[in-house]
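Just below is one structure, and these are the notes that go with it.
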2 protein chains.
Amino acid sequence: MKIVEMQVTPVAFPDPPLRNSTGVHEPYALRTLVKLTTDDGFSGWGETYGGSAAIAGLEEARRHVIGADPFAIEALRLKVGDPRSFSPLEVASLDILGQALGQPVYNLLGGKVRQPIEFAAYLFYHFDCDLYGECLTTEAMIRQAHRLVDAYGFRALKLKGGVLPPDEEMETLRALRAEFGPDFRLRHDPNAIWSVETSIRVTNELEGVLEYMEDPTWGIEGMAAVNARVNVPLSTNMCLVAFSDFPENIRQRAVDVVLSDHHYWGGLRATAEMGRICETWGMGVSMHSNSHLGVSLAAMLHAAASTPHLTYACDTHYVWIEEDILVGGKLPFTDGCMNVPEGPGLGIAIDEDAVARMAEDYRKCGQTTRDDVGFMQRNYDPTWQPLRPRW
Amino acid sequence: MKIVEMQVTPVAFPDPPLRNSTGVHEPYALRTLVKLTTDDGFSGWGETYGGSAAIAGLEEARRHVIGADPFAIEALRLKVGDPRSFSPLEVASLDILGQALGQPVYNLLGGKVRQPIEFAAYLFYHFDCDLYGECLTTEAMIRQAHRLVDAYGFRALKLKGGVLPPDEEMETLRALRAEFGPDFRLRHDPNAIWSVETSIRVTNELEGVLEYMEDPTWGIEGMAAVNARVNVPLSTNMCLVAFSDFPENIRQRAVDVVLSDHHYWGGLRATAEMGRICETWGMGVSMHSNSHLGVSLAAMLHAAASTPHLTYACDTHYVWIEEDILVGGKLPFTDGCMNVPEGPGLGIAIDEDAVARMAEDYRKCGQTTRDDVGFMQRNYDPTWQPLRPRW
């Protein structure tokens with residue numbers, strides 16, 4: 001079996017004006033879809049970041065992909081090098097293998113160790129928009145949380161913070177705790193926008209409220225300085241994002257929980273290996289998310305289903321998209337959980353007309369990279385600077 | 001697909017009186033073969049340590065195996081717990097999956113990253129025996145090395161040391177270097193029988209002669225004390241034998257090279273994960289061996305073929321057995337290397353008559369555990385004590 005075709009399709013889909021520490025989401029989220037086809041007619045899909053850099057990385061990898069045996073995953077990894085470019089190629093290869101072998105991808109990763117897979121509600125402060133109005137206060141955030149909990153059944157709530165002054169966000173978290181009670185697990189993610197001092201103060205004040213605090217401050221040194229002074233576990237998807245980050249993180253015990261993400265760790269097999277390292281050093285594992293479509297979601301579900309060491313509910317932006325590219329529409333949540341698709345490969349069917357529409361939107365939207373800072377400056381606050389630390 | 005039968009067969013096969021730091025090999029080497037059979041008629045084989053403890057561990061695991069889906073490898077690992085008991089079950093499961101899917105096991109482990117797989121000649125001092133005479137001097141060891149190099153084409157030579165006083169073994173290694181030249185890579189393995197002081201002295205005197213020194217002294221603390229004072233890389237299969245050994249080893253930088261062994265690391269998938277940890281912390285990987293038959297060898301070949309981070313030629317005792325249980329006899333070396341079997345599963349066919357003969361030998365031989373110390377005392381030196389450190 002040989003890969004004979006590699007189709008790279010940039011797509012764009014509507015995104016609400018979600019806030020974060022660097023600015024605000026633009027009207028479209030960008031992703032890149034990869035479709036690999038073999039000489040015997042199997043097609044597999046992968047999905048990764050959007051924009052010109054991701055596309056360039058995939059095009060750079062093309063010469064290693066065409067003609068490759070889809071079973072030779074590690075050989076392809078060594079050739080491609082960059083884990084971000086390799087990741088969607090690995091997922092598409094596994095999708096092909098699963099179809100060729102009549103097995104769900106999780107069975108090519110060691111089999112299922114959990115079902116269903118729990119997710120956390122991803123709460124965002126956001127500017128005014130048609131669908132959701134505005135959410136920049138504690139009261140509005142409580143309404144948002146109720147909307148997501150009612151619609152999807154989540155039992156864990158993650159607040160994307162670093163938007164309002166820390167004491168206001170603390171008020172929001174305390175209000176969420178009061179509203180939903182101690183059975184709901186809460187997380188806070190200020191995206192490294194606080195100083196070490198602010199991080200220590202706020203994290204300690206939220207002891208007993210949070211299951212973990214995610215990236216309160218910048219860098220391994222900063223996180224280690226915070227971790228030495230707090231009891232709440234610290235998690236990260238910013239200061240530990242590659243295997244080469246482990247040694248120094250572990251030397252300093254900068255973080256307690258790693259948010260895995262197959263898109264930058266280098267695929268689903270690498271995610272399991274990352275989990276083994278975390279298990280070995282007594283660290284927890286959760287799962288990170290960017291705005292994504294159903295191919296990434298399916299890959300996340302297969303990784304989550306087969307990775308033994310995954311110790312927290314996963315994050316996903318999936319509730320914030322209106323339309324997916326899957327035949328049959330979006331995958332459903334039940335009680336805040338999803339089941340891993342059971343069919344061969346990723347277990348999903350792609351609606352190529354929907355892909356074509358989103359590809360057309362990519363061409364029309366004029367965005368070629370993610371620019372939360374620029375969009376904030378141009379549309380909401382001309383004086384905006386993503387200063388770090390802000391508080 | 002379900003596993004419906006688990007056959008555990010203890011076997012014994014002749015072993016020469018090979019010396020090591022604790023004593024001498026008994027007349028028979030013991031192994032345990034595991035054959036799993038599924039409801040749709042596939043059978044897979046695994047092989048592990050011999051003797052009553054290994055058998056008891058497998059029998060303890062039986063309740064988790066019968067009825068299990070052979071794809072659910074990680075779930076079985078979590079249930080079985082003990083990596084030594086799990087390992088042959090994982091190998092047998094992968095053998096089944098490969099046959100059911102029509103794929104060699106290496107393709108279920110990420111595909112092939114190297115071919116052929118290089119091995120080192122395993123040189124042993126030994127007492128007198130019919131096949132090889134006696135080898136307890138430098139001159140005899142040179143003859144042994146020539147015999148193995150001529151017969152199999154090895155380009156790496158490993159000396160099982162800790163048998164003669166350190167200065168005599170140094171003389172042997174220098175003579176090997178003089179005889180075979182710098183293109184042959186040399187290793188020394190005194191099995192932790194030296195003091196820290198002796199280890200430092202001998203290792204430094206052999207700088208430029210050895211590619212690595214294996215387990216000169218006992219324990220993480222001892223190895224770290226040696227490593228701080230030598231430039232020759234230190235390798236181990238004694239002080240880093242489980243994932244839980246990594247953190248302290250890495251804190252102290254006790255070793256530079258880990259000798260992998262799927263039999264105690266917990267299978268072929270765990271071997272690759274161990275390799276990823278070594279890669280992450282800048283450590284090398286070689287492969288350890290005990291006396292073994294062709295099922296273990298095939299498993300080692302599939303692990304070696306598919307594990308990206310394997311940085312030295314592998315060890316194997318395979319040249320010291322006269323007969324194997326494979327249809328067609330022993331797998332051949334070419335230029336010191338072997339090719340991974342290319343058929344479905346492990347790619348080997350088992351001669352069940354040969355297994356039955358070796359099972360009969362197990363029943364007759366009277367050995368139920370490995371006892372190098374007792375055999376030394378009873379047959380060669382009644383005053384023998386395996387004191388550590390000896391020198």
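Labeling convention for the structure tokens: chains A, B, ... as they appear, residues from 1 per chain, ligands from 1 in order of appearance.
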
Within 10 Å of chain B, which residues belong to chain A? Use only C-alpha atoms and report them as a tab-separated table (two decimals) with C-alpha atoms, in the first residue's frame.
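What ended up in result_21.tsv:
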```tsv
chain	number	residue	atom	x	y	z
A	69	ASP	CA	3.79	3.13	3.04
A	70	PRO	CA	1.11	4.34	5.50
A	71	PHE	CA	2.27	1.65	7.96
A	72	ALA	CA	5.71	3.29	8.11
A	73	ILE	CA	4.57	5.95	10.56
A	74	GLU	CA	7.76	6.27	12.59
A	75	ALA	CA	9.88	6.44	9.44
A	76	LEU	CA	7.69	9.30	8.19
A	77	ARG	CA	8.01	11.04	11.56
A	78	LEU	CA	11.79	10.91	11.36
A	90	GLU	CA	0.03	10.52	11.19
A	94	LEU	CA	-3.90	5.87	10.96
A	97	LEU	CA	-4.73	1.85	8.23
A	100	ALA	CA	-7.67	-1.04	5.40
A	101	LEU	CA	-7.64	-3.31	8.46
A	102	GLY	CA	-11.30	-2.84	9.38
A	103	GLN	CA	-10.38	-1.48	12.81
A	106	TYR	CA	-7.95	3.30	18.90
A	107	ASN	CA	-7.32	-0.40	18.24
A	108	LEU	CA	-4.10	0.54	16.44
A	109	LEU	CA	-3.03	2.50	19.52
A	110	GLY	CA	-3.32	-0.26	22.12
A	111	GLY	CA	-7.10	-0.52	22.38
A	112	LYS	CA	-9.73	1.29	24.39
A	113	VAL	CA	-9.07	2.05	28.06
A	114	ARG	CA	-11.96	4.44	28.70
A	242	ALA	CA	7.51	19.40	23.35
A	243	PHE	CA	9.46	16.40	24.58
A	244	SER	CA	12.54	18.59	24.82
A	245	ASP	CA	10.75	20.75	27.41
A	246	PHE	CA	10.42	17.87	29.87
A	247	PRO	CA	13.91	17.76	31.41
A	248	GLU	CA	13.97	21.37	32.61
A	250	ILE	CA	10.96	18.21	35.73
A	251	ARG	CA	14.18	19.59	37.22
A	269	ARG	CA	1.28	7.81	19.30
A	270	ALA	CA	3.35	10.69	20.68
A	272	ALA	CA	0.50	8.25	24.54
A	273	GLU	CA	4.28	8.47	24.97
A	274	MET	CA	3.88	11.90	26.57
A	275	GLY	CA	1.34	10.32	28.91
A	276	ARG	CA	3.84	7.61	29.87
A	277	ILE	CA	6.41	10.29	30.78
A	279	GLU	CA	2.88	8.86	34.62
A	280	THR	CA	6.56	8.10	35.28
A	281	TRP	CA	7.19	11.47	36.91
A	282	GLY	CA	3.91	11.64	38.81
A	306	SER	CA	-6.49	4.66	24.11
A	307	THR	CA	-4.10	6.71	26.27
A	308	PRO	CA	-3.99	5.11	29.72
```

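Near Val232 of chain A, within 7 Å and counting only C-alpha atoms, sit Thr203, Glu207, Tyr212, Met213, Val230 and Leu234 of chain A, not including residues fewer than 2 positions from it in the same chain.
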
Please dump the current selection as an mmCIF file, in the first residue's frame; keep all heavy atoms.
```
data_model
loop_
_atom_site.group_PDB
_atom_site.id
_atom_site.type_symbol
_atom_site.label_atom_id
_atom_site.label_comp_id
_atom_site.auth_asym_id
_atom_site.auth_seq_id
_atom_site.Cartn_x
_atom_site.Cartn_y
_atom_site.Cartn_z
ATOM 1 N N THR A 203 -3.831 32.219 42.858
ATOM 2 C CA THR A 203 -3.925 30.754 42.944
ATOM 3 C C THR A 203 -4.191 30.331 44.379
ATOM 4 O O THR A 203 -5.029 29.453 44.634
ATOM 5 C CB THR A 203 -2.637 30.110 42.394
ATOM 6 O OG1 THR A 203 -2.412 30.582 41.060
ATOM 7 C CG2 THR A 203 -2.746 28.594 42.378
ATOM 8 N N GLU A 207 -7.549 28.312 46.177
ATOM 9 C CA GLU A 207 -7.354 26.946 46.686
ATOM 10 C C GLU A 207 -8.684 26.414 47.217
ATOM 11 O O GLU A 207 -9.394 27.100 47.930
ATOM 12 C CB GLU A 207 -6.278 26.938 47.791
ATOM 13 C CG GLU A 207 -5.915 25.536 48.232
ATOM 14 C CD GLU A 207 -4.744 25.499 49.237
ATOM 15 O OE1 GLU A 207 -3.907 26.429 49.226
ATOM 16 O OE2 GLU A 207 -4.694 24.546 50.024
ATOM 17 N N TYR A 212 -7.331 22.708 38.940
ATOM 18 C CA TYR A 212 -5.970 23.167 38.613
ATOM 19 C C TYR A 212 -6.015 24.582 38.071
ATOM 20 O O TYR A 212 -7.049 25.053 37.603
ATOM 21 C CB TYR A 212 -5.220 22.210 37.677
ATOM 22 C CG TYR A 212 -5.811 21.898 36.318
ATOM 23 C CD1 TYR A 212 -5.920 22.867 35.315
ATOM 24 C CD2 TYR A 212 -6.183 20.590 36.008
ATOM 25 C CE1 TYR A 212 -6.415 22.555 34.067
ATOM 26 C CE2 TYR A 212 -6.691 20.269 34.753
ATOM 27 C CZ TYR A 212 -6.807 21.254 33.788
ATOM 28 O OH TYR A 212 -7.297 20.943 32.551
ATOM 29 N N MET A 213 -4.876 25.252 38.157
ATOM 30 C CA MET A 213 -4.688 26.573 37.561
ATOM 31 C C MET A 213 -3.772 26.382 36.358
ATOM 32 O O MET A 213 -2.688 25.820 36.473
ATOM 33 C CB MET A 213 -4.025 27.514 38.567
ATOM 34 C CG MET A 213 -3.640 28.881 38.018
ATOM 35 S SD MET A 213 -5.054 29.903 37.566
ATOM 36 C CE MET A 213 -5.398 30.688 39.151
ATOM 37 N N VAL A 230 2.370 27.470 45.985
ATOM 38 C CA VAL A 230 0.917 27.199 45.953
ATOM 39 C C VAL A 230 0.654 25.708 46.116
ATOM 40 O O VAL A 230 1.529 24.879 45.847
ATOM 41 C CB VAL A 230 0.260 27.683 44.626
ATOM 42 C CG1 VAL A 230 0.530 29.163 44.403
ATOM 43 C CG2 VAL A 230 0.742 26.858 43.439
ATOM 44 N N LEU A 234 -0.619 23.082 39.133
ATOM 45 C CA LEU A 234 -0.465 23.965 37.969
ATOM 46 C C LEU A 234 -0.431 23.111 36.702
ATOM 47 O O LEU A 234 0.267 22.101 36.646
ATOM 48 C CB LEU A 234 0.834 24.765 38.061
ATOM 49 C CG LEU A 234 0.971 25.734 39.229
ATOM 50 C CD1 LEU A 234 2.232 26.588 39.026
ATOM 51 C CD2 LEU A 234 -0.268 26.633 39.365
#
```

Based on DSSP run over this structure's backbone, return all residues of segment 101-338 of chain A in helix (DSSP H, G or I), as number ranges by chain. A: 101, 105-108, 138-152, 166-180, 196-205, 219-227, 243-252, 262-265, 268-280, 294-306, 318-320

Writer output for current selection, C-alpha atoms, as an mmCIF file, in the first residue's frame:
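Contents of out29.cif, as written:
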```cif
data_model
loop_
_atom_site.group_PDB
_atom_site.id
_atom_site.type_symbol
_atom_site.label_atom_id
_atom_site.label_comp_id
_atom_site.auth_asym_id
_atom_site.auth_seq_id
_atom_site.Cartn_x
_atom_site.Cartn_y
_atom_site.Cartn_z
ATOM 1 C CA LEU A 101 -7.640 -3.313 8.455
ATOM 2 C CA VAL A 105 -7.916 3.848 15.126
ATOM 3 C CA TYR A 106 -7.949 3.300 18.896
ATOM 4 C CA ASN A 107 -7.322 -0.403 18.237
ATOM 5 C CA LEU A 108 -4.099 0.541 16.443
ATOM 6 C CA THR A 138 -19.723 37.483 36.174
ATOM 7 C CA GLU A 139 -23.484 37.502 35.640
ATOM 8 C CA ALA A 140 -23.158 36.904 31.919
ATOM 9 C CA MET A 141 -20.616 34.137 32.549
ATOM 10 C CA ILE A 142 -23.001 32.346 34.879
ATOM 11 C CA ARG A 143 -25.616 32.490 32.115
ATOM 12 C CA GLN A 144 -23.075 31.116 29.607
ATOM 13 C CA ALA A 145 -22.166 28.282 31.964
ATOM 14 C CA HIS A 146 -25.819 27.387 32.426
ATOM 15 C CA ARG A 147 -26.370 27.431 28.673
ATOM 16 C CA LEU A 148 -23.442 25.018 28.083
ATOM 17 C CA VAL A 149 -24.231 22.776 31.038
ATOM 18 C CA ASP A 150 -27.896 22.579 30.068
ATOM 19 C CA ALA A 151 -27.159 21.883 26.425
ATOM 20 C CA TYR A 152 -24.286 19.402 26.834
ATOM 21 C CA PRO A 166 -7.616 39.025 38.293
ATOM 22 C CA ASP A 167 -9.937 39.954 41.146
ATOM 23 C CA GLU A 168 -12.904 40.145 38.790
ATOM 24 C CA GLU A 169 -12.077 36.733 37.349
ATOM 25 C CA MET A 170 -11.742 35.377 40.888
ATOM 26 C CA GLU A 171 -15.208 36.734 41.573
ATOM 27 C CA THR A 172 -16.484 34.900 38.476
ATOM 28 C CA LEU A 173 -14.919 31.617 39.626
ATOM 29 C CA ARG A 174 -16.312 31.982 43.134
ATOM 30 C CA ALA A 175 -19.724 32.722 41.653
ATOM 31 C CA LEU A 176 -19.465 29.619 39.434
ATOM 32 C CA ARG A 177 -18.584 27.558 42.483
ATOM 33 C CA ALA A 178 -21.518 29.012 44.430
ATOM 34 C CA GLU A 179 -23.885 28.481 41.514
ATOM 35 C CA PHE A 180 -22.877 24.929 40.514
ATOM 36 C CA VAL A 196 4.604 35.564 39.492
ATOM 37 C CA GLU A 197 3.341 37.556 42.467
ATOM 38 C CA THR A 198 -0.205 37.860 41.113
ATOM 39 C CA SER A 199 -0.180 34.180 40.173
ATOM 40 C CA ILE A 200 0.778 33.149 43.696
ATOM 41 C CA ARG A 201 -1.817 35.417 45.306
ATOM 42 C CA VAL A 202 -4.729 34.470 43.032
ATOM 43 C CA THR A 203 -3.925 30.754 42.944
ATOM 44 C CA ASN A 204 -3.744 30.590 46.710
ATOM 45 C CA GLU A 205 -6.991 32.518 47.064
ATOM 46 C CA GLY A 219 7.824 30.292 31.250
ATOM 47 C CA ILE A 220 9.321 27.412 33.160
ATOM 48 C CA GLU A 221 11.135 29.660 35.624
ATOM 49 C CA GLY A 222 8.023 31.671 36.384
ATOM 50 C CA MET A 223 5.800 28.624 36.713
ATOM 51 C CA ALA A 224 8.324 26.958 39.027
ATOM 52 C CA ALA A 225 8.433 30.072 41.206
ATOM 53 C CA VAL A 226 4.637 29.962 41.473
ATOM 54 C CA ASN A 227 4.496 26.198 42.003
ATOM 55 C CA PHE A 243 9.464 16.400 24.580
ATOM 56 C CA SER A 244 12.539 18.588 24.821
ATOM 57 C CA ASP A 245 10.748 20.754 27.412
ATOM 58 C CA PHE A 246 10.417 17.870 29.872
ATOM 59 C CA PRO A 247 13.906 17.760 31.414
ATOM 60 C CA GLU A 248 13.971 21.371 32.615
ATOM 61 C CA ASN A 249 10.311 21.290 33.678
ATOM 62 C CA ILE A 250 10.956 18.207 35.732
ATOM 63 C CA ARG A 251 14.178 19.590 37.216
ATOM 64 C CA GLN A 252 12.231 22.621 38.418
ATOM 65 C CA HIS A 262 -1.648 15.742 19.398
ATOM 66 C CA HIS A 263 -1.417 18.680 16.972
ATOM 67 C CA TYR A 264 1.878 19.884 18.416
ATOM 68 C CA TRP A 265 3.157 16.849 20.318
ATOM 69 C CA LEU A 268 -1.599 10.200 18.614
ATOM 70 C CA ARG A 269 1.277 7.813 19.301
ATOM 71 C CA ALA A 270 3.348 10.695 20.685
ATOM 72 C CA THR A 271 0.427 11.677 22.914
ATOM 73 C CA ALA A 272 0.497 8.250 24.545
ATOM 74 C CA GLU A 273 4.279 8.475 24.966
ATOM 75 C CA MET A 274 3.883 11.895 26.566
ATOM 76 C CA GLY A 275 1.336 10.316 28.911
ATOM 77 C CA ARG A 276 3.842 7.615 29.872
ATOM 78 C CA ILE A 277 6.406 10.287 30.781
ATOM 79 C CA CYS A 278 3.841 12.119 32.912
ATOM 80 C CA GLU A 279 2.881 8.860 34.620
ATOM 81 C CA THR A 280 6.561 8.099 35.276
ATOM 82 C CA GLY A 294 -14.573 17.092 13.549
ATOM 83 C CA VAL A 295 -11.425 15.459 12.169
ATOM 84 C CA SER A 296 -9.383 16.864 15.040
ATOM 85 C CA LEU A 297 -12.173 15.946 17.439
ATOM 86 C CA ALA A 298 -12.248 12.341 16.222
ATOM 87 C CA ALA A 299 -8.464 12.137 16.548
ATOM 88 C CA MET A 300 -8.688 13.568 20.088
ATOM 89 C CA LEU A 301 -11.329 10.957 20.941
ATOM 90 C CA HIS A 302 -9.185 8.077 19.668
ATOM 91 C CA ALA A 303 -6.176 9.404 21.599
ATOM 92 C CA ALA A 304 -8.256 9.865 24.747
ATOM 93 C CA ALA A 305 -9.856 6.430 24.388
ATOM 94 C CA SER A 306 -6.493 4.656 24.106
ATOM 95 C CA TYR A 318 -16.293 22.204 19.739
ATOM 96 C CA VAL A 319 -19.347 23.815 21.348
ATOM 97 C CA TRP A 320 -18.390 27.140 19.763
#
```

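For segment 142-295 of chain B, a DSSP pass over the backbone yields strand (DSSP E or B) at Ala156, Leu157, Lys158, Leu159, Lys160, Arg185, Leu186, Arg187, His188, Asp189, Leu210, Glu211, Tyr212, Met213, Glu214, Leu234, Ser235, Thr236, Val257, Val258, Leu259, Ser260, Gly284, Val285, Ser286 and Met287 of chain B.
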
Residues near segment 122-128 of chain B, anyone? I mean within 7 Å using only C-alpha atoms, not counting same-chain ones fewer than 5 positions away, as a ChimeraX atom specification. /B:17-19,133-136,145,157-160,315-317

Selection export as a PDB file, in the first residue's frame, atoms kept: N, CA and C atoms:
```pdb
ATOM      1  N   PRO B  17      28.220 -24.127  30.527  1.00  0.00           N
ATOM      2  CA  PRO B  17      28.534 -23.584  31.873  1.00  0.00           C
ATOM      3  C   PRO B  17      29.151 -22.189  31.788  1.00  0.00           C
ATOM      4  N   LEU B  18      28.326 -21.234  31.351  1.00  0.00           N
ATOM      5  CA  LEU B  18      28.787 -19.854  31.178  1.00  0.00           C
ATOM      6  C   LEU B  18      28.950 -19.191  32.539  1.00  0.00           C
ATOM      7  N   ARG B  19      30.054 -18.478  32.721  1.00  0.00           N
ATOM      8  CA  ARG B  19      30.334 -17.823  33.994  1.00  0.00           C
ATOM      9  C   ARG B  19      29.778 -16.404  34.027  1.00  0.00           C
ATOM     10  N   GLY B 133      34.985 -26.663  25.123  1.00  0.00           N
ATOM     11  CA  GLY B 133      36.157 -26.732  25.995  1.00  0.00           C
ATOM     12  C   GLY B 133      36.036 -25.747  27.135  1.00  0.00           C
ATOM     13  N   GLU B 134      37.178 -25.186  27.538  1.00  0.00           N
ATOM     14  CA  GLU B 134      37.182 -24.239  28.658  1.00  0.00           C
ATOM     15  C   GLU B 134      37.601 -22.874  28.145  1.00  0.00           C
ATOM     16  N   CYS B 135      37.067 -21.812  28.761  1.00  0.00           N
ATOM     17  CA  CYS B 135      37.485 -20.454  28.381  1.00  0.00           C
ATOM     18  C   CYS B 135      37.601 -19.620  29.644  1.00  0.00           C
ATOM     19  N   LEU B 136      38.804 -19.566  30.177  1.00  0.00           N
ATOM     20  CA  LEU B 136      39.025 -18.794  31.404  1.00  0.00           C
ATOM     21  C   LEU B 136      40.297 -17.954  31.318  1.00  0.00           C
ATOM     22  N   ALA B 145      36.129 -15.360  20.509  1.00  0.00           N
ATOM     23  CA  ALA B 145      35.694 -14.202  19.710  1.00  0.00           C
ATOM     24  C   ALA B 145      35.853 -14.495  18.223  1.00  0.00           C
ATOM     25  N   LEU B 157      31.589  -6.623  20.118  1.00  0.00           N
ATOM     26  CA  LEU B 157      31.906  -7.729  21.024  1.00  0.00           C
ATOM     27  C   LEU B 157      31.583  -7.295  22.445  1.00  0.00           C
ATOM     28  N   LYS B 158      30.743  -8.087  23.109  1.00  0.00           N
ATOM     29  CA  LYS B 158      30.442  -7.792  24.508  1.00  0.00           C
ATOM     30  C   LYS B 158      31.037  -8.881  25.382  1.00  0.00           C
ATOM     31  N   LEU B 159      31.824  -8.473  26.350  1.00  0.00           N
ATOM     32  CA  LEU B 159      32.422  -9.438  27.282  1.00  0.00           C
ATOM     33  C   LEU B 159      31.621  -9.467  28.578  1.00  0.00           C
ATOM     34  N   LYS B 160      31.048 -10.623  28.882  1.00  0.00           N
ATOM     35  CA  LYS B 160      30.426 -10.800  30.197  1.00  0.00           C
ATOM     36  C   LYS B 160      31.560 -10.932  31.207  1.00  0.00           C
ATOM     37  N   ASP B 315      22.241  -6.987  22.285  1.00  0.00           N
ATOM     38  CA  ASP B 315      22.812  -8.227  22.832  1.00  0.00           C
ATOM     39  C   ASP B 315      21.872  -9.386  22.534  1.00  0.00           C
ATOM     40  N   THR B 316      22.439 -10.578  22.399  1.00  0.00           N
ATOM     41  CA  THR B 316      21.628 -11.800  22.375  1.00  0.00           C
ATOM     42  C   THR B 316      22.483 -12.998  22.782  1.00  0.00           C
ATOM     43  N   HIS B 317      21.862 -13.908  23.547  1.00  0.00           N
ATOM     44  CA  HIS B 317      22.488 -15.192  23.886  1.00  0.00           C
ATOM     45  C   HIS B 317      22.266 -16.232  22.790  1.00  0.00           C
TER      46      HIS B 317
END
```

Do a neighbour search on Met1 of chain B at 7 Å with only C-alpha atoms, toss out local chain neighbours closer than 4 positions, and write the hits as a VMD selection string. chain B and resid 38 to 40 69

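Pairwise distance (atom CA of Ala120 of chain B, atom CA of Arg229 of chain B) equals 26.8 Å.
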
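When only C-alpha atoms are used to compute distances to Pro332 of chain A, the closest of the residues A:Pro116, A:Pro344, A:Gly50, A:Gly366 turns out to be A:Pro116.
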
Could you list, as a ChimeraX atom specification, every residue within 10 Å of segment 79-81 of chain A, counting only C-alpha atoms and ignoring same-chain residues fewer than 3 positions away? /A:57-58,60-65,73-76,84-87,89,266

Compile the contact shell of Gln7 of chain B as a list in words: residues with an atom at most 7 Å away, counting only C-alpha atoms, same-chain residues fewer than 4 positions apart removed. Val34, Lys35 and Leu36 of chain B

Report as a PDB file with all heavy atoms, in the first residue's frame all protein, DNA and RNA residues lying within 7 Å of Gly284 of chain A, evaluated on only C-alpha atoms, omitting residues in the same chain fewer than 2 positions from it.
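Just written: around_5.pdb:
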```pdb
ATOM      1  N   ASP A 256       2.393  20.500  37.221  1.00  0.00           N
ATOM      2  CA  ASP A 256       1.915  19.214  37.747  1.00  0.00           C
ATOM      3  C   ASP A 256       1.070  18.461  36.738  1.00  0.00           C
ATOM      4  O   ASP A 256       0.886  17.257  36.861  1.00  0.00           O
ATOM      5  CB  ASP A 256       1.058  19.472  38.997  1.00  0.00           C
ATOM      6  CG  ASP A 256       1.803  20.317  40.003  1.00  0.00           C
ATOM      7  OD1 ASP A 256       2.780  19.820  40.566  1.00  0.00           O
ATOM      8  OD2 ASP A 256       1.440  21.499  40.179  1.00  0.00           O
ATOM      9  N   VAL A 257       0.517  19.191  35.793  1.00  0.00           N
ATOM     10  CA  VAL A 257      -0.409  18.600  34.823  1.00  0.00           C
ATOM     11  C   VAL A 257      -0.043  19.120  33.437  1.00  0.00           C
ATOM     12  O   VAL A 257       0.079  20.329  33.241  1.00  0.00           O
ATOM     13  CB  VAL A 257      -1.876  19.005  35.132  1.00  0.00           C
ATOM     14  CG1 VAL A 257      -2.837  18.398  34.112  1.00  0.00           C
ATOM     15  CG2 VAL A 257      -2.263  18.599  36.553  1.00  0.00           C
ATOM     16  N   VAL A 258       0.139  18.210  32.492  1.00  0.00           N
ATOM     17  CA  VAL A 258       0.413  18.609  31.107  1.00  0.00           C
ATOM     18  C   VAL A 258      -0.871  18.495  30.301  1.00  0.00           C
ATOM     19  O   VAL A 258      -1.566  17.484  30.368  1.00  0.00           O
ATOM     20  CB  VAL A 258       1.505  17.721  30.483  1.00  0.00           C
ATOM     21  CG1 VAL A 258       1.773  18.144  29.041  1.00  0.00           C
ATOM     22  CG2 VAL A 258       2.787  17.797  31.301  1.00  0.00           C
ATOM     23  N   CYS A 278       4.542  11.474  31.792  1.00  0.00           N
ATOM     24  CA  CYS A 278       3.841  12.119  32.912  1.00  0.00           C
ATOM     25  C   CYS A 278       3.554  11.105  34.009  1.00  0.00           C
ATOM     26  O   CYS A 278       3.712  11.402  35.201  1.00  0.00           O
ATOM     27  CB  CYS A 278       2.551  12.766  32.415  1.00  0.00           C
ATOM     28  SG  CYS A 278       2.857  14.232  31.405  1.00  0.00           S
ATOM     29  N   GLY A 282       4.974  11.247  37.892  1.00  0.00           N
ATOM     30  CA  GLY A 282       3.905  11.635  38.808  1.00  0.00           C
ATOM     31  C   GLY A 282       3.181  12.905  38.415  1.00  0.00           C
ATOM     32  O   GLY A 282       2.741  13.667  39.276  1.00  0.00           O
ATOM     33  N   SER A 286      -4.122  16.335  31.066  1.00  0.00           N
ATOM     34  CA  SER A 286      -5.408  16.756  30.555  1.00  0.00           C
ATOM     35  C   SER A 286      -5.239  16.951  29.050  1.00  0.00           C
ATOM     36  O   SER A 286      -4.213  16.539  28.498  1.00  0.00           O
ATOM     37  CB  SER A 286      -5.854  18.040  31.254  1.00  0.00           C
ATOM     38  OG  SER A 286      -7.161  18.386  30.837  1.00  0.00           O
ATOM     39  N   THR A 311      -5.789  12.037  33.005  1.00  0.00           N
ATOM     40  CA  THR A 311      -6.320  12.057  34.369  1.00  0.00           C
ATOM     41  C   THR A 311      -7.353  13.151  34.632  1.00  0.00           C
ATOM     42  O   THR A 311      -7.824  13.286  35.754  1.00  0.00           O
ATOM     43  CB  THR A 311      -5.152  12.189  35.372  1.00  0.00           C
ATOM     44  OG1 THR A 311      -4.440  13.400  35.074  1.00  0.00           O
ATOM     45  CG2 THR A 311      -4.197  11.013  35.260  1.00  0.00           C
TER      46      THR A 311
END
```

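Among the candidates B:Gly162, B:Pro216, B:Ala313, B:Cys129, the one nearest to Leu186 of chain B when counting only C-alpha atoms is B:Ala313.
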